[in-house]
Amino acid sequence: MTTLSFPITVDEQGYYGEFGGAFIPEMLYPNVRELKENYLQIMAQPAFQDTFNKLLKDFVGRPTPLYLAERLSAQYKAQIFLKREDLNHTGAHKINNTIGQILVAKALGKTRIIAETGAGQHGVATATVCALMDMPCVIYMGEVDIARQAPNVARMRMLGAEVRPATSGSKTLKDATNEAIRDWINNPTDTHYIIGSVVGPHPYPDMVARFQSVISEETCWQLQEVTGSPDPDLVIACVGGGSNAAGSYYHYLDKPQVRLIAVEAAGHGVDSGESAATSVLGSKGIIHGSRTLLMQTPDGQIIEPYSISAGLDYPGIGPLHAHLIQTGRAEAVSITDQEAMDAAFHLSRTEGIIPALETAHAFAALDKLTFNPDDVIVINLSGRGDKDLATYIEFLDQF
Ligand SMILES: *Cc1c(COP(=O)(O)O)cnc(C)c1O
């Protein structure tokens, strides 16, 4: 794990350019400060790295394969490699981060874990590592989401977590986040709050990016073995908060010859009023403790995002991505529900891999991009599609 090299670093206050920082209620200062003052040093300890790497190998199943998708490559006249995060234990990249954070929590002497979840994927990944580490786990989830995501709620409970409904406001993710913050304020000494993406106050975006950087670290040596160079021409990833994208870009951030493609969910279309394409529709503001791009009304009310995929339906993007897009280092592409659905069925029938709906957005971007013949393209296959079968079934007649 090369967690100590970070080509685009946050400054002392947690900024990537003008985005980031830590905008939190004063009562949270001690919790966030404790984390900020300790996370790098904890992560650098050989014993920490040893445990982290062992768990990634034997519990998660890393390294994940880098698979040359031959039929897709022939169709697009490029060399398309799939980074198989879908083969991780629990079916997506999220477990890389929850393992890392629970080890940080233990190193800080914490004995209790809280998290918030929208679609339930981060809740399941958190409940999984809490079972593994024998730590009590409380997952906050909006009442509406609890009803919508019954299988993931059942998984969390089976793993021993307590799922607490957030009953205020729209009863969705942002209300669950408020409840989790309230809990953390009330339990500052024994509790660690595991955030699930590269969002939230500093140091979370940097810490989560470092844990997810194992994705590009592996990609470098895997590509080197097959092509003779660690560098692809393009890396494509979907962006909800941006953690799988941050992880798959990480070791290429300071290599401008590697194009970084950030794929957002356009929902019914960027101009439809039902979208989650933050880089197009967003403006600068503060959400979940950091300054970034977010979808808001002129007077600063958050606009409810929409996407068919629950994991991309977030009104902001992590500050790293706001910076990468604003500076032109990353190119943003937006993909509608229908385009993502087409891509999900196409990948299933071309390569025998059913992707998560979030991930399908990344594949749909192939039709929006121009690249040179024989370009080496890495697509981060962030998760598998089992969780989305109920949605896919509704579209079977179309295909
Ligand atoms: C949660 C999730 C995402 C979106 O989250 P990021 O932090 O943007 O990576 C993407 N793909 C899958 C499979 C997910 O579960």
# chains A, B, ... in the order shown; residues from 1 in each chain; ligands from 1
call {"tool": "residues_near_ligand", "arguments": {"ligand": "ligand 1", "cutoff": "6 Å", "atoms": "only C-alpha atoms and all ligand atoms", "output": "PyMOL selection string"}}
result
chain A and resi 92+121+197+239-245+311-312+356+358-359+382-383
call {"tool": "write_last_selection", "arguments": {"atoms": "C-alpha atoms", "output": "PDB file, in the first residue's frame"}}
result
ATOM      1  CA  ALA A  92     -18.327  -3.256  -4.587  1.00  0.00           C
ATOM      2  CA  GLN A 121     -24.541  -0.204   0.234  1.00  0.00           C
ATOM      3  CA  SER A 197     -17.315   8.483   0.116  1.00  0.00           C
ATOM      4  CA  VAL A 239     -19.103   9.563  -9.633  1.00  0.00           C
ATOM      5  CA  GLY A 240     -21.675   9.716  -6.876  1.00  0.00           C
ATOM      6  CA  GLY A 241     -19.659  11.224  -4.042  1.00  0.00           C
ATOM      7  CA  GLY A 242     -16.576  10.132  -5.940  1.00  0.00           C
ATOM      8  CA  SER A 243     -14.786   7.421  -3.943  1.00  0.00           C
ATOM      9  CA  ASN A 244     -14.415   4.764  -6.635  1.00  0.00           C
ATOM     10  CA  ALA A 245     -13.344   7.475  -9.072  1.00  0.00           C
ATOM     11  CA  GLY A 311     -25.678   5.334  -5.392  1.00  0.00           C
ATOM     12  CA  LEU A 312     -25.347   8.281  -7.814  1.00  0.00           C
ATOM     13  CA  ALA A 356     -24.327  -2.280 -10.731  1.00  0.00           C
ATOM     14  CA  GLU A 358     -24.023   3.067 -10.959  1.00  0.00           C
ATOM     15  CA  THR A 359     -21.248   1.295 -12.833  1.00  0.00           C
ATOM     16  CA  SER A 382     -17.247  -0.423  -9.187  1.00  0.00           C
ATOM     17  CA  GLY A 383     -19.866  -3.022  -8.286  1.00  0.00           C
TER      18      GLY A 383
END
call {"tool": "residues_around", "arguments": {"residues": "Asp374 in chain A", "least_positions_apart": "4", "cutoff": "8 Å", "atoms": "only C-alpha atoms", "output": "number ranges by chain"}}
result
A: 77-79
call {"tool": "write_last_selection", "arguments": {"atoms": "all heavy atoms", "output": "PDB file, in the first residue's frame"}}
result
ATOM      1  N   LYS A  77     -12.877  -0.608 -30.855  1.00  0.00           N
ATOM      2  CA  LYS A  77     -11.548  -0.459 -31.453  1.00  0.00           C
ATOM      3  C   LYS A  77     -10.564   0.198 -30.482  1.00  0.00           C
ATOM      4  O   LYS A  77      -9.883   1.178 -30.796  1.00  0.00           O
ATOM      5  CB  LYS A  77     -11.635   0.341 -32.758  1.00  0.00           C
ATOM      6  CG  LYS A  77     -12.586  -0.312 -33.753  1.00  0.00           C
ATOM      7  CD  LYS A  77     -12.503   0.295 -35.116  1.00  0.00           C
ATOM      8  CE  LYS A  77     -13.311  -0.447 -36.158  1.00  0.00           C
ATOM      9  NZ  LYS A  77     -14.493  -1.211 -35.661  1.00  0.00           N
ATOM     10  N   ALA A  78     -10.553  -0.345 -29.292  1.00  0.00           N
ATOM     11  CA  ALA A  78      -9.627   0.124 -28.253  1.00  0.00           C
ATOM     12  C   ALA A  78      -9.290  -1.089 -27.389  1.00  0.00           C
ATOM     13  O   ALA A  78      -9.870  -2.159 -27.582  1.00  0.00           O
ATOM     14  CB  ALA A  78     -10.282   1.218 -27.411  1.00  0.00           C
ATOM     15  N   GLN A  79      -8.343  -0.923 -26.483  1.00  0.00           N
ATOM     16  CA  GLN A  79      -8.068  -2.013 -25.535  1.00  0.00           C
ATOM     17  C   GLN A  79      -8.735  -1.638 -24.218  1.00  0.00           C
ATOM     18  O   GLN A  79      -8.238  -0.780 -23.499  1.00  0.00           O
ATOM     19  CB  GLN A  79      -6.571  -2.168 -25.311  1.00  0.00           C
ATOM     20  CG  GLN A  79      -5.786  -2.521 -26.550  1.00  0.00           C
ATOM     21  CD  GLN A  79      -4.298  -2.599 -26.223  1.00  0.00           C
ATOM     22  OE1 GLN A  79      -3.864  -3.485 -25.485  1.00  0.00           O
ATOM     23  NE2 GLN A  79      -3.527  -1.662 -26.729  1.00  0.00           N
TER      24      GLN A  79
END
call {"tool": "closest_residue", "arguments": {"among": "A:Val226, A:Val199, A:Met141, A:Ala330", "to": "Leu293 in chain A", "atoms": "only C-alpha atoms"}}
result
A:Val199
call {"tool": "select_by_dssp", "arguments": {"residues": "range 140-337 of chain A", "states": "strand (DSSP E)", "output": "compact mmCIF listing (two decimals) with N, CA, C and O atoms, in the first residue's frame"}}
result
# COMPACT_ATOMS: atom_id res chain seq x y z
N TYR A 140 -27.71 4.90 10.52
CA TYR A 140 -28.84 5.81 10.35
C TYR A 140 -29.28 5.79 8.89
O TYR A 140 -28.46 5.86 7.99
N MET A 141 -30.60 5.69 8.72
CA MET A 141 -31.13 5.57 7.37
C MET A 141 -32.51 6.23 7.35
O MET A 141 -33.29 6.05 8.29
N GLY A 142 -32.78 7.02 6.32
CA GLY A 142 -34.09 7.66 6.21
C GLY A 142 -35.20 6.63 6.17
O GLY A 142 -35.04 5.55 5.61
N GLU A 162 -27.64 -2.24 14.18
CA GLU A 162 -28.95 -1.64 14.47
C GLU A 162 -29.21 -0.57 13.41
O GLU A 162 -28.38 0.32 13.20
N VAL A 163 -30.34 -0.67 12.73
CA VAL A 163 -30.70 0.33 11.72
C VAL A 163 -31.70 1.30 12.36
O VAL A 163 -32.80 0.89 12.72
N ARG A 164 -31.28 2.56 12.52
CA ARG A 164 -32.16 3.55 13.15
C ARG A 164 -32.77 4.46 12.09
O ARG A 164 -32.05 5.10 11.34
N PRO A 165 -34.11 4.52 12.04
CA PRO A 165 -34.76 5.35 11.03
C PRO A 165 -34.62 6.85 11.34
O PRO A 165 -34.73 7.26 12.49
N ALA A 166 -34.36 7.63 10.28
CA ALA A 166 -34.41 9.09 10.39
C ALA A 166 -35.79 9.51 9.91
O ALA A 166 -36.18 9.23 8.77
N THR A 191 -16.98 6.86 20.03
CA THR A 191 -17.59 6.55 18.73
C THR A 191 -16.79 7.10 17.55
O THR A 191 -16.31 8.24 17.59
N HIS A 192 -16.66 6.30 16.49
CA HIS A 192 -16.13 6.79 15.21
C HIS A 192 -17.25 6.76 14.17
O HIS A 192 -18.02 5.81 14.11
N TYR A 193 -17.29 7.82 13.37
CA TYR A 193 -18.29 7.97 12.32
C TYR A 193 -17.63 7.60 11.00
O TYR A 193 -16.71 8.28 10.55
N LEU A 234 -6.87 6.36 -20.87
CA LEU A 234 -8.05 6.89 -20.18
C LEU A 234 -8.39 6.02 -18.97
O LEU A 234 -8.24 4.80 -19.03
N VAL A 235 -8.88 6.66 -17.93
CA VAL A 235 -9.52 5.94 -16.82
C VAL A 235 -10.94 6.49 -16.72
O VAL A 235 -11.14 7.70 -16.66
N ILE A 236 -11.92 5.59 -16.72
CA ILE A 236 -13.33 6.00 -16.66
C ILE A 236 -13.95 5.46 -15.38
O ILE A 236 -13.82 4.27 -15.08
N ALA A 237 -14.63 6.33 -14.62
CA ALA A 237 -15.32 5.88 -13.41
C ALA A 237 -16.59 6.70 -13.21
O ALA A 237 -16.64 7.87 -13.59
N CYS A 238 -17.60 6.08 -12.61
CA CYS A 238 -18.80 6.83 -12.26
C CYS A 238 -18.54 7.62 -10.97
O CYS A 238 -17.69 7.24 -10.17
N ARG A 259 -5.96 10.52 -19.37
CA ARG A 259 -7.23 11.26 -19.29
C ARG A 259 -8.11 10.65 -18.21
O ARG A 259 -8.28 9.43 -18.17
N LEU A 260 -8.67 11.49 -17.36
CA LEU A 260 -9.55 11.02 -16.28
C LEU A 260 -10.97 11.42 -16.63
O LEU A 260 -11.26 12.60 -16.84
N ILE A 261 -11.86 10.43 -16.69
CA ILE A 261 -13.24 10.69 -17.10
C ILE A 261 -14.17 10.46 -15.90
O ILE A 261 -14.22 9.35 -15.35
N ALA A 262 -14.91 11.49 -15.52
CA ALA A 262 -15.84 11.42 -14.38
C ALA A 262 -17.26 11.34 -14.93
O ALA A 262 -17.73 12.28 -15.57
N VAL A 263 -17.93 10.24 -14.67
CA VAL A 263 -19.25 10.02 -15.27
C VAL A 263 -20.35 10.24 -14.22
O VAL A 263 -20.40 9.54 -13.21
N GLU A 264 -21.19 11.21 -14.50
CA GLU A 264 -22.28 11.55 -13.57
C GLU A 264 -23.61 11.07 -14.11
O GLU A 264 -23.77 10.84 -15.31
N ALA A 265 -24.58 10.97 -13.20
CA ALA A 265 -25.92 10.53 -13.59
C ALA A 265 -26.75 11.73 -14.03
O ALA A 265 -26.97 12.66 -13.25
N ALA A 266 -27.23 11.70 -15.27
CA ALA A 266 -28.09 12.78 -15.77
C ALA A 266 -29.56 12.52 -15.45
O ALA A 266 -30.40 13.38 -15.71
N GLY A 267 -29.88 11.34 -14.91
CA GLY A 267 -31.28 11.03 -14.62
C GLY A 267 -32.11 11.04 -15.89
O GLY A 267 -31.77 10.38 -16.87
N SER A 283 -23.41 24.58 -8.31
CA SER A 283 -22.66 25.82 -8.09
C SER A 283 -21.94 25.67 -6.75
O SER A 283 -22.19 24.73 -5.99
N LYS A 284 -21.06 26.63 -6.47
CA LYS A 284 -20.23 26.51 -5.28
C LYS A 284 -21.06 26.72 -4.01
O LYS A 284 -21.89 27.64 -3.96
N GLY A 285 -20.82 25.89 -3.04
CA GLY A 285 -21.54 26.03 -1.79
C GLY A 285 -21.00 25.02 -0.79
O GLY A 285 -20.00 24.34 -1.06
N ILE A 286 -21.67 24.91 0.33
CA ILE A 286 -21.20 24.00 1.38
C ILE A 286 -22.23 22.91 1.61
O ILE A 286 -23.42 23.18 1.80
N ILE A 287 -21.77 21.68 1.55
CA ILE A 287 -22.64 20.54 1.84
C ILE A 287 -21.85 19.51 2.62
O ILE A 287 -20.68 19.26 2.32
N SER A 290 -18.13 20.35 3.66
CA SER A 290 -17.06 20.85 2.81
C SER A 290 -17.59 21.76 1.72
O SER A 290 -18.76 21.69 1.33
N ARG A 291 -16.70 22.64 1.25
CA ARG A 291 -17.05 23.56 0.18
C ARG A 291 -16.80 22.85 -1.14
O ARG A 291 -15.68 22.37 -1.41
N THR A 292 -17.83 22.76 -1.96
CA THR A 292 -17.69 22.00 -3.20
C THR A 292 -18.75 22.48 -4.19
O THR A 292 -19.33 23.56 -4.02
N LEU A 293 -18.98 21.69 -5.24
CA LEU A 293 -20.07 21.98 -6.15
C LEU A 293 -21.29 21.20 -5.69
O LEU A 293 -21.19 20.01 -5.37
N LEU A 294 -22.45 21.85 -5.66
CA LEU A 294 -23.66 21.15 -5.28
C LEU A 294 -24.85 21.75 -6.01
O LEU A 294 -24.81 22.88 -6.50
N ALA A 330 -9.92 16.58 -14.96
CA ALA A 330 -10.87 15.51 -15.26
C ALA A 330 -11.95 16.04 -16.20
O ALA A 330 -12.29 17.23 -16.15
N GLU A 331 -12.44 15.18 -17.09
CA GLU A 331 -13.52 15.54 -18.00
C GLU A 331 -14.81 14.92 -17.48
O GLU A 331 -14.84 13.73 -17.19
N ALA A 332 -15.86 15.73 -17.36
CA ALA A 332 -17.14 15.21 -16.87
C ALA A 332 -18.02 14.81 -18.05
O ALA A 332 -18.07 15.49 -19.07
N VAL A 333 -18.70 13.69 -17.89
CA VAL A 333 -19.65 13.20 -18.90
C VAL A 333 -20.94 12.90 -18.15
O VAL A 333 -20.88 12.35 -17.04
N SER A 334 -22.11 13.27 -18.69
CA SER A 334 -23.34 12.86 -18.00
C SER A 334 -24.14 11.88 -18.84
O SER A 334 -24.22 11.99 -20.06
N ILE A 335 -24.72 10.92 -18.15
CA ILE A 335 -25.38 9.76 -18.76
C ILE A 335 -26.79 9.64 -18.20
O ILE A 335 -26.97 9.66 -16.98
N THR A 336 -27.76 9.48 -19.09
CA THR A 336 -29.15 9.37 -18.62
C THR A 336 -29.46 7.95 -18.12
O THR A 336 -28.72 7.00 -18.40
call {"tool": "residues_around", "arguments": {"residues": "Ile215 in chain A", "least_positions_apart": "6", "cutoff": "9 Å", "atoms": "only C-alpha atoms", "output": "ChimeraX atom specification"}}
result
/A:63-64,83,85,93,244,247-250,380
call {"tool": "closest_residue", "arguments": {"among": "A:Ile194, A:Leu253, A:Glu304, A:Trp221", "to": "Ser170 in chain A", "atoms": "only C-alpha atoms"}}
result
A:Glu304
call {"tool": "closest_residue", "arguments": {"among": "A:Ala44, A:Leu72, A:Ala180, A:Met207", "to": "Leu320 in chain A", "atoms": "only C-alpha atoms"}}
result
A:Met207
call {"tool": "residues_around", "arguments": {"residues": "Ala105 in chain A", "least_positions_apart": "3", "cutoff": "9 Å", "atoms": "only C-alpha atoms", "output": "list in words"}}
result
Leu35, Gly100, Gln101, Ile102, Leu108, Gly109, Lys110, Thr111, Arg112, Ile113, Thr191, His192, Tyr193 and Ile194 of chain A
call {"tool": "residues_around", "arguments": {"residues": "Tyr39 in chain A", "least_positions_apart": "4", "cutoff": "12 Å", "atoms": "only C-alpha atoms", "output": "ChimeraX atom specification"}}
result
/A:3-4,32-35,43-45,48,100-108,202-208,210-211
call {"tool": "write_last_selection", "arguments": {"atoms": "N, CA, C and O atoms", "output": "JSON list (two decimals), in the first residue's frame"}}
result
[["chain", "number", "residue", "atom", "x", "y", "z"],
["A", 3, "THR", "N", 0.26, 4.45, 0.57],
["A", 3, "THR", "CA", -0.65, 5.50, 1.01],
["A", 3, "THR", "C", 0.03, 6.84, 1.21],
["A", 3, "THR", "O", -0.62, 7.83, 1.40],
["A", 4, "LEU", "N", 1.36, 6.84, 1.21],
["A", 4, "LEU", "CA", 2.01, 8.10, 1.57],
["A", 4, "LEU", "C", 2.30, 8.99, 0.38],
["A", 4, "LEU", "O", 2.62, 10.16, 0.55],
["A", 32, "VAL", "N", -13.44, 15.84, 15.04],
["A", 32, "VAL", "CA", -12.79, 15.96, 13.74],
["A", 32, "VAL", "C", -11.31, 16.28, 13.91],
["A", 32, "VAL", "O", -10.46, 15.78, 13.17],
["A", 33, "ARG", "N", -11.00, 17.09, 14.94],
["A", 33, "ARG", "CA", -9.60, 17.42, 15.17],
["A", 33, "ARG", "C", -8.80, 16.17, 15.56],
["A", 33, "ARG", "O", -7.69, 15.96, 15.07],
["A", 34, "GLU", "N", -9.38, 15.32, 16.40],
["A", 34, "GLU", "CA", -8.68, 14.10, 16.81],
["A", 34, "GLU", "C", -8.34, 13.25, 15.59],
["A", 34, "GLU", "O", -7.23, 12.73, 15.45],
["A", 35, "LEU", "N", -9.29, 13.15, 14.68],
["A", 35, "LEU", "CA", -9.07, 12.35, 13.47],
["A", 35, "LEU", "C", -8.00, 13.00, 12.59],
["A", 35, "LEU", "O", -7.06, 12.35, 12.13],
["A", 43, "MET", "N", -2.11, 5.59, 9.69],
["A", 43, "MET", "CA", -2.07, 4.85, 8.43],
["A", 43, "MET", "C", -0.65, 4.51, 8.00],
["A", 43, "MET", "O", -0.44, 3.58, 7.22],
["A", 44, "ALA", "N", 0.33, 5.25, 8.49],
["A", 44, "ALA", "CA", 1.72, 5.01, 8.09],
["A", 44, "ALA", "C", 2.37, 3.90, 8.92],
["A", 44, "ALA", "O", 3.45, 3.41, 8.56],
["A", 45, "GLN", "N", 1.73, 3.51, 10.02],
["A", 45, "GLN", "CA", 2.36, 2.49, 10.88],
["A", 45, "GLN", "C", 2.42, 1.14, 10.17],
["A", 45, "GLN", "O", 1.42, 0.69, 9.61],
["A", 48, "PHE", "N", -0.33, -1.26, 11.08],
["A", 48, "PHE", "CA", -1.61, -0.90, 10.46],
["A", 48, "PHE", "C", -1.64, -1.38, 9.01],
["A", 48, "PHE", "O", -2.60, -2.02, 8.57],
["A", 100, "GLY", "N", -10.49, 0.14, 6.14],
["A", 100, "GLY", "CA", -9.49, 1.13, 6.55],
["A", 100, "GLY", "C", -9.97, 1.95, 7.74],
["A", 100, "GLY", "O", -9.25, 2.12, 8.73],
["A", 101, "GLN", "N", -11.20, 2.44, 7.65],
["A", 101, "GLN", "CA", -11.67, 3.32, 8.73],
["A", 101, "GLN", "C", -11.90, 2.60, 10.04],
["A", 101, "GLN", "O", -11.68, 3.17, 11.11],
["A", 102, "ILE", "N", -12.33, 1.35, 10.00],
["A", 102, "ILE", "CA", -12.54, 0.69, 11.30],
["A", 102, "ILE", "C", -11.19, 0.41, 11.96],
["A", 102, "ILE", "O", -11.08, 0.45, 13.20],
["A", 103, "LEU", "N", -10.15, 0.22, 11.16],
["A", 103, "LEU", "CA", -8.82, 0.05, 11.75],
["A", 103, "LEU", "C", -8.31, 1.37, 12.35],
["A", 103, "LEU", "O", -7.67, 1.38, 13.40],
["A", 104, "VAL", "N", -8.61, 2.49, 11.69],
["A", 104, "VAL", "CA", -8.28, 3.80, 12.26],
["A", 104, "VAL", "C", -9.05, 3.99, 13.58],
["A", 104, "VAL", "O", -8.48, 4.44, 14.59],
["A", 105, "ALA", "N", -10.34, 3.63, 13.56],
["A", 105, "ALA", "CA", -11.16, 3.78, 14.77],
["A", 105, "ALA", "C", -10.55, 2.99, 15.93],
["A", 105, "ALA", "O", -10.44, 3.48, 17.06],
["A", 106, "LYS", "N", -10.14, 1.75, 15.64],
["A", 106, "LYS", "CA", -9.54, 0.93, 16.70],
["A", 106, "LYS", "C", -8.24, 1.56, 17.22],
["A", 106, "LYS", "O", -8.01, 1.59, 18.42],
["A", 107, "ALA", "N", -7.44, 2.06, 16.28],
["A", 107, "ALA", "CA", -6.17, 2.69, 16.69],
["A", 107, "ALA", "C", -6.42, 3.92, 17.57],
["A", 107, "ALA", "O", -5.60, 4.26, 18.42],
["A", 108, "LEU", "N", -7.56, 4.58, 17.35],
["A", 108, "LEU", "CA", -7.90, 5.75, 18.17],
["A", 108, "LEU", "C", -8.57, 5.34, 19.49],
["A", 108, "LEU", "O", -8.96, 6.19, 20.29],
["A", 202, "HIS", "N", -12.78, 17.81, 6.02],
["A", 202, "HIS", "CA", -11.40, 17.33, 6.12],
["A", 202, "HIS", "C", -11.22, 16.71, 7.50],
["A", 202, "HIS", "O", -11.67, 17.31, 8.47],
["A", 203, "PRO", "N", -10.61, 15.54, 7.66],
["A", 203, "PRO", "CA", -9.78, 14.82, 6.69],
["A", 203, "PRO", "C", -10.50, 13.71, 5.92],
["A", 203, "PRO", "O", -9.82, 12.92, 5.26],
["A", 204, "TYR", "N", -11.83, 13.63, 6.00],
["A", 204, "TYR", "CA", -12.48, 12.46, 5.37],
["A", 204, "TYR", "C", -12.17, 12.31, 3.88],
["A", 204, "TYR", "O", -11.83, 11.20, 3.44],
["A", 205, "PRO", "N", -12.31, 13.35, 3.05],
["A", 205, "PRO", "CA", -12.08, 13.11, 1.62],
["A", 205, "PRO", "C", -10.68, 12.55, 1.34],
["A", 205, "PRO", "O", -10.52, 11.63, 0.53],
["A", 206, "ASP", "N", -9.69, 13.09, 2.03],
["A", 206, "ASP", "CA", -8.32, 12.63, 1.82],
["A", 206, "ASP", "C", -8.13, 11.20, 2.35],
["A", 206, "ASP", "O", -7.54, 10.35, 1.68],
["A", 207, "MET", "N", -8.68, 10.93, 3.52],
["A", 207, "MET", "CA", -8.53, 9.60, 4.12],
["A", 207, "MET", "C", -9.21, 8.54, 3.25],
["A", 207, "MET", "O", -8.62, 7.48, 2.97],
["A", 208, "VAL", "N", -10.42, 8.82, 2.80],
["A", 208, "VAL", "CA", -11.15, 7.83, 1.99],
["A", 208, "VAL", "C", -10.45, 7.63, 0.65],
["A", 208, "VAL", "O", -10.31, 6.50, 0.16],
["A", 210, "ARG", "N", -7.29, 7.86, 0.04],
["A", 210, "ARG", "CA", -6.11, 7.03, 0.28],
["A", 210, "ARG", "C", -6.48, 5.55, 0.43],
["A", 210, "ARG", "O", -5.79, 4.68, -0.10],
["A", 211, "PHE", "N", -7.56, 5.26, 1.16],
["A", 211, "PHE", "CA", -7.96, 3.85, 1.29],
["A", 211, "PHE", "C", -8.38, 3.28, -0.06],
["A", 211, "PHE", "O", -8.09, 2.14, -0.38]]
call {"tool": "atom_distance", "arguments": {"atom1": "CA of Leu66 in chain A", "atom2": "CA of Val129 in chain A"}}
result
25.1 Å
call {"tool": "closest_residue", "arguments": {"among": "A:Ser272, A:Asp190, A:Gln338, A:Pro136", "to": "Phe399 in chain A", "atoms": "only C-alpha atoms"}}
result
A:Gln338
call {"tool": "closest_residue", "arguments": {"among": "A:Gln41, A:Asn178, A:Thr391, A:Gln149", "to": "Met341 in chain A", "atoms": "only C-alpha atoms"}}
result
A:Thr391
